[in-house]
Amino acid sequence: MKSTEKKRGKTILTALLLTVVITAAGFFATDLIRAKRYNLPPLFCIPVIQYDNGSVDYYGLGYKVWEDYHPFDRTVSYYVGFWFIPKFLNI
């Protein structure tokens, strides 16, 4: 009786973790395509740091998006990376 309960709990935990991983991968793929292909801000990230020059750092589920505003050109560039990796190692 105990082994079936443990097996059921393990199955539920595995399904839950798999759902979170697939959802995070979908969020990452959507924001990566928006930033790189269309030069648009991310949908599934929260703006965390706003700089004086107009640049913004967005954080998502395990990744981040940098919005760099260039005031002289009045252009915006987006870079995608992971939380603990410096900006110069972006995707």
# chains A, B, ... in the order shown; residues from 1 in each chain; ligands from 1
>>> residues_around(residues="Asn53 (chain A)", least_positions_apart="6", cutoff="10 Å", atoms="only C-alpha atoms", output="PyMOL selection string")
chain A and resi 68-71
>>> write_last_selection(atoms="C-alpha atoms", output="JSON list (two decimals), in the first residue's frame")
[["chain", "number", "residue", "atom", "x", "y", "z"],
["A", 68, "ASP", "CA", 19.75, 48.86, -24.36],
["A", 69, "TYR", "CA", 18.61, 52.30, -25.37],
["A", 70, "HIS", "CA", 21.07, 54.35, -27.41],
["A", 71, "PRO", "CA", 20.13, 58.02, -26.87]]
>>> select_by_dssp(residues="chain A", states="strand (DSSP E or B)", output="ChimeraX atom specification")
/A:46-50,56-59,63-70,75-82
>>> closest_residue(among="A:Tyr51, A:Tyr79, A:Tyr63, A:Phe84", to="Ala24 (chain A)", atoms="only C-alpha atoms")
A:Tyr63
>>> residues_around(residues="Val56 (chain A)", least_positions_apart="6", cutoff="6 Å", atoms="only C-alpha atoms", output="list in words")
Ile49, Gln50 and Glu67 of chain A
>>> residues_around(residues="Ile33 (chain A)", least_positions_apart="3", cutoff="12 Å", atoms="only C-alpha atoms", output="PyMOL selection string")
chain A and resi 26-30+36-43+65+78-80+91
>>> select_by_dssp(residues="chain A", states="helix (DSSP H, G or I)", output="VMD selection string")
chain A and resid 2 to 36
>>> atom_distance(atom1="CA of Asn90 (chain A)", atom2="CA of Thr75 (chain A)")
18.9 Å
>>> atom_distance(atom1="CA of Asp52 (chain A)", atom2="CA of Lys64 (chain A)")
19.1 Å
>>> closest_residue(among="A:Gly62, A:Gly81, A:Pro86, A:Gly54", to="Val20 (chain A)", atoms="only C-alpha atoms")
A:Gly62
>>> closest_residue(among="A:Ser55, A:Phe88, A:Ala35, A:Val48", to="Arg74 (chain A)", atoms="only C-alpha atoms")
A:Ser55
>>> atom_distance(atom1="CA of Ala15 (chain A)", atom2="CA of Asp31 (chain A)")
24.4 Å
